[in-house]
Amino acid sequence: MLLLQVQKLLRKIFASMKSNLTFTSTRGAVKVDNTTSGLTITMKEDGAIKPKDNGTYYVGATITYPDHSTEDIEIPVTKADANGPSATMDGMLLTDNEATTATFVVFKGAKIQSYFQCKR
């Protein structure tokens with residue numbers, strides 16, 4: 001069975017996104033934004049990009065405020081790659097649907113004569 005990997009943000013891309021976030025929050029009598037000293041924003045689930053019901057995408061993050069309280073947020077992501085990668089084996093499309101994907105069995109000691117191709 002072929003499982004397609006979840007798309008994820010690289011840490012350096014997430015780091016560049018943090019400086020572009022615009023938000024304010026009132027924490028008691030103190031207003032904070034993305035430049036507040038002691039504020040950290042960390043991505044959740046290793047940067048997995050997730051779809052929303054309305055067709056948009058987001059990456060989860062946790063804000064840790066200077067008082068050590070936390071808040072989970074969703075950062076909108078514009079999906080740049082509308083078409084995910086595809087893979088074929090001997091011209092047959094491999095999918096994540098076990099009922100319809102090409103299947104093959106390799107026995108111990110056998111030579112694999114198949115041709116795999118991956119496209120972006």
# chains A, B, ... in the order shown; residues from 1 in each chain; ligands from 1
>>> residues_around(residues="Met92 (chain A)", least_positions_apart="4", cutoff="9 Å", atoms="only C-alpha atoms", output="PyMOL selection string")
chain A and resi 87-88+101-102
>>> atom_distance(atom1="CA of Ala15 (chain A)", atom2="CA of Cys118 (chain A)")
29.4 Å
>>> closest_residue(among="A:Val77, A:Ser114, A:Phe107, A:Ser69", to="Met89 (chain A)", atoms="only C-alpha atoms")
A:Ser114
>>> closest_residue(among="A:Lys119, A:Lys12, A:Lys44, A:Lys108", to="Glu71 (chain A)", atoms="only C-alpha atoms")
A:Lys44
>>> atom_distance(atom1="CA of Leu39 (chain A)", atom2="CA of Asp67 (chain A)")
8.9 Å
>>> residues_around(residues="Ile41 (chain A)", least_positions_apart="4", cutoff="10 Å", atoms="only C-alpha atoms", output="compact mmCIF listing (two decimals) with N, CA and C atoms, in the first residue's frame")
# COMPACT_ATOMS: atom_id res chain seq x y z
N PHE A 14 8.55 28.57 7.72
CA PHE A 14 7.70 28.94 8.85
C PHE A 14 8.30 30.14 9.57
N ALA A 15 9.61 30.15 9.76
CA ALA A 15 10.27 31.27 10.45
C ALA A 15 10.04 32.57 9.69
N LYS A 18 6.48 33.94 10.30
CA LYS A 18 6.21 34.52 11.63
C LYS A 18 6.36 36.04 11.63
N SER A 19 7.37 36.54 10.92
CA SER A 19 7.60 37.99 10.94
C SER A 19 6.53 38.74 10.15
N ASN A 34 3.43 40.51 17.11
CA ASN A 34 4.50 39.57 16.76
C ASN A 34 5.90 40.07 17.07
N ALA A 61 -0.22 26.52 14.79
CA ALA A 61 0.89 27.09 15.54
C ALA A 61 0.44 27.36 16.98
N THR A 62 1.40 27.46 17.86
CA THR A 62 1.12 27.81 19.24
C THR A 62 1.89 29.08 19.58
N ILE A 63 1.17 30.06 20.10
CA ILE A 63 1.80 31.28 20.58
C ILE A 63 2.05 31.11 22.07
N THR A 64 3.26 31.35 22.51
CA THR A 64 3.58 31.38 23.94
C THR A 64 3.87 32.83 24.29
N TYR A 65 3.05 33.37 25.17
CA TYR A 65 3.17 34.77 25.56
C TYR A 65 4.23 34.94 26.64
N THR A 70 -0.41 30.14 26.76
CA THR A 70 -0.33 29.74 25.36
C THR A 70 -1.69 29.87 24.69
N GLU A 71 -1.63 29.93 23.37
CA GLU A 71 -2.84 29.98 22.55
C GLU A 71 -2.54 29.28 21.24
N ASP A 72 -3.43 28.38 20.82
CA ASP A 72 -3.28 27.71 19.53
C ASP A 72 -3.95 28.55 18.46
N ILE A 73 -3.27 28.70 17.32
CA ILE A 73 -3.82 29.48 16.21
C ILE A 73 -3.68 28.71 14.91
>>> atom_distance(atom1="CA of Thr78 (chain A)", atom2="CA of Tyr57 (chain A)")
6.6 Å
>>> decode(residues="region 39-79 of chain A", atoms="N, CA and C atoms", output="short mmCIF file (atom, residue, chain, number, x, y, z; two decimals), in the first residue's frame")
data_model
loop_
_atom_site.label_atom_id
_atom_site.label_comp_id
_atom_site.auth_asym_id
_atom_site.auth_seq_id
_atom_site.Cartn_x
_atom_site.Cartn_y
_atom_site.Cartn_z
N LEU A 39 7.83 36.69 23.27
CA LEU A 39 6.75 35.99 22.59
C LEU A 39 7.35 34.98 21.62
N THR A 40 6.88 33.76 21.63
CA THR A 40 7.36 32.76 20.66
C THR A 40 6.17 32.17 19.92
N ILE A 41 6.41 31.83 18.67
CA ILE A 41 5.39 31.18 17.85
C ILE A 41 6.05 29.93 17.29
N THR A 42 5.48 28.77 17.62
CA THR A 42 6.04 27.50 17.16
C THR A 42 5.01 26.75 16.34
N MET A 43 5.47 26.10 15.27
CA MET A 43 4.53 25.36 14.44
C MET A 43 4.18 24.04 15.11
N LYS A 44 2.97 23.58 14.84
CA LYS A 44 2.48 22.33 15.40
C LYS A 44 2.60 21.21 14.36
N GLU A 45 2.61 19.99 14.82
CA GLU A 45 2.61 18.80 13.98
C GLU A 45 3.65 18.87 12.87
N ASP A 46 4.83 19.37 13.23
CA ASP A 46 5.97 19.43 12.32
C ASP A 46 5.65 20.20 11.04
N GLY A 47 4.72 21.17 11.13
CA GLY A 47 4.41 22.02 9.99
C GLY A 47 3.44 21.45 8.98
N ALA A 48 2.64 20.45 9.38
CA ALA A 48 1.69 19.84 8.44
C ALA A 48 0.69 20.89 7.94
N ILE A 49 0.54 20.96 6.62
CA ILE A 49 -0.43 21.87 6.00
C ILE A 49 -1.75 21.12 5.91
N LYS A 50 -2.79 21.70 6.50
CA LYS A 50 -4.08 21.01 6.59
C LYS A 50 -5.17 21.78 5.85
N PRO A 51 -6.10 21.04 5.24
CA PRO A 51 -7.22 21.69 4.55
C PRO A 51 -8.34 22.04 5.52
N LYS A 52 -9.06 23.11 5.20
CA LYS A 52 -10.26 23.47 5.94
C LYS A 52 -11.47 23.11 5.08
N ASP A 53 -12.64 23.06 5.69
CA ASP A 53 -13.86 22.71 4.97
C ASP A 53 -14.17 23.66 3.82
N ASN A 54 -13.71 24.91 3.91
CA ASN A 54 -14.01 25.89 2.87
C ASN A 54 -13.01 25.88 1.71
N GLY A 55 -12.09 24.89 1.68
CA GLY A 55 -11.14 24.76 0.58
C GLY A 55 -9.83 25.49 0.78
N THR A 56 -9.68 26.23 1.88
CA THR A 56 -8.42 26.91 2.17
C THR A 56 -7.52 25.99 3.00
N TYR A 57 -6.30 26.44 3.21
CA TYR A 57 -5.32 25.64 3.95
C TYR A 57 -4.74 26.45 5.10
N TYR A 58 -4.22 25.73 6.11
CA TYR A 58 -3.59 26.39 7.24
C TYR A 58 -2.52 25.49 7.84
N VAL A 59 -1.63 26.12 8.60
CA VAL A 59 -0.68 25.38 9.41
C VAL A 59 -0.94 25.78 10.86
N GLY A 60 -1.00 24.83 11.74
CA GLY A 60 -1.25 25.11 13.15
C GLY A 60 -0.01 25.64 13.83
N ALA A 61 -0.22 26.52 14.79
CA ALA A 61 0.89 27.09 15.54
C ALA A 61 0.44 27.36 16.98
N THR A 62 1.40 27.46 17.86
CA THR A 62 1.12 27.81 19.24
C THR A 62 1.89 29.08 19.58
N ILE A 63 1.17 30.06 20.10
CA ILE A 63 1.80 31.28 20.58
C ILE A 63 2.05 31.11 22.07
N THR A 64 3.26 31.35 22.51
CA THR A 64 3.58 31.38 23.94
C THR A 64 3.87 32.83 24.29
N TYR A 65 3.05 33.37 25.17
CA TYR A 65 3.17 34.77 25.56
C TYR A 65 4.23 34.94 26.64
N PRO A 66 4.68 36.18 26.86
CA PRO A 66 5.72 36.43 27.88
C PRO A 66 5.33 35.93 29.27
N ASP A 67 4.03 35.84 29.57
CA ASP A 67 3.60 35.34 30.88
C ASP A 67 3.50 33.81 30.91
N HIS A 68 3.98 33.15 29.82
CA HIS A 68 4.01 31.69 29.66
C HIS A 68 2.65 31.07 29.38
N SER A 69 1.60 31.87 29.21
CA SER A 69 0.32 31.32 28.77
C SER A 69 0.44 31.03 27.27
N THR A 70 -0.41 30.14 26.76
CA THR A 70 -0.33 29.74 25.36
C THR A 70 -1.69 29.87 24.69
N GLU A 71 -1.63 29.93 23.37
CA GLU A 71 -2.84 29.98 22.55
C GLU A 71 -2.54 29.28 21.24
N ASP A 72 -3.43 28.38 20.82
CA ASP A 72 -3.28 27.71 19.53
C ASP A 72 -3.95 28.55 18.46
N ILE A 73 -3.27 28.70 17.32
CA ILE A 73 -3.82 29.48 16.21
C ILE A 73 -3.68 28.71 14.91
N GLU A 74 -4.41 29.16 13.89
CA GLU A 74 -4.29 28.61 12.54
C GLU A 74 -3.76 29.73 11.64
N ILE A 75 -2.63 29.49 10.99
CA ILE A 75 -2.04 30.47 10.09
C ILE A 75 -2.45 30.10 8.67
N PRO A 76 -3.17 30.99 7.97
CA PRO A 76 -3.58 30.68 6.60
C PRO A 76 -2.38 30.46 5.69
N VAL A 77 -2.49 29.47 4.80
CA VAL A 77 -1.42 29.16 3.86
C VAL A 77 -2.03 29.12 2.47
N THR A 78 -1.39 29.81 1.54
CA THR A 78 -1.80 29.72 0.14
C THR A 78 -1.05 28.55 -0.45
N LYS A 79 -1.78 27.58 -0.93
CA LYS A 79 -1.15 26.39 -1.48
C LYS A 79 -0.58 26.70 -2.86
#
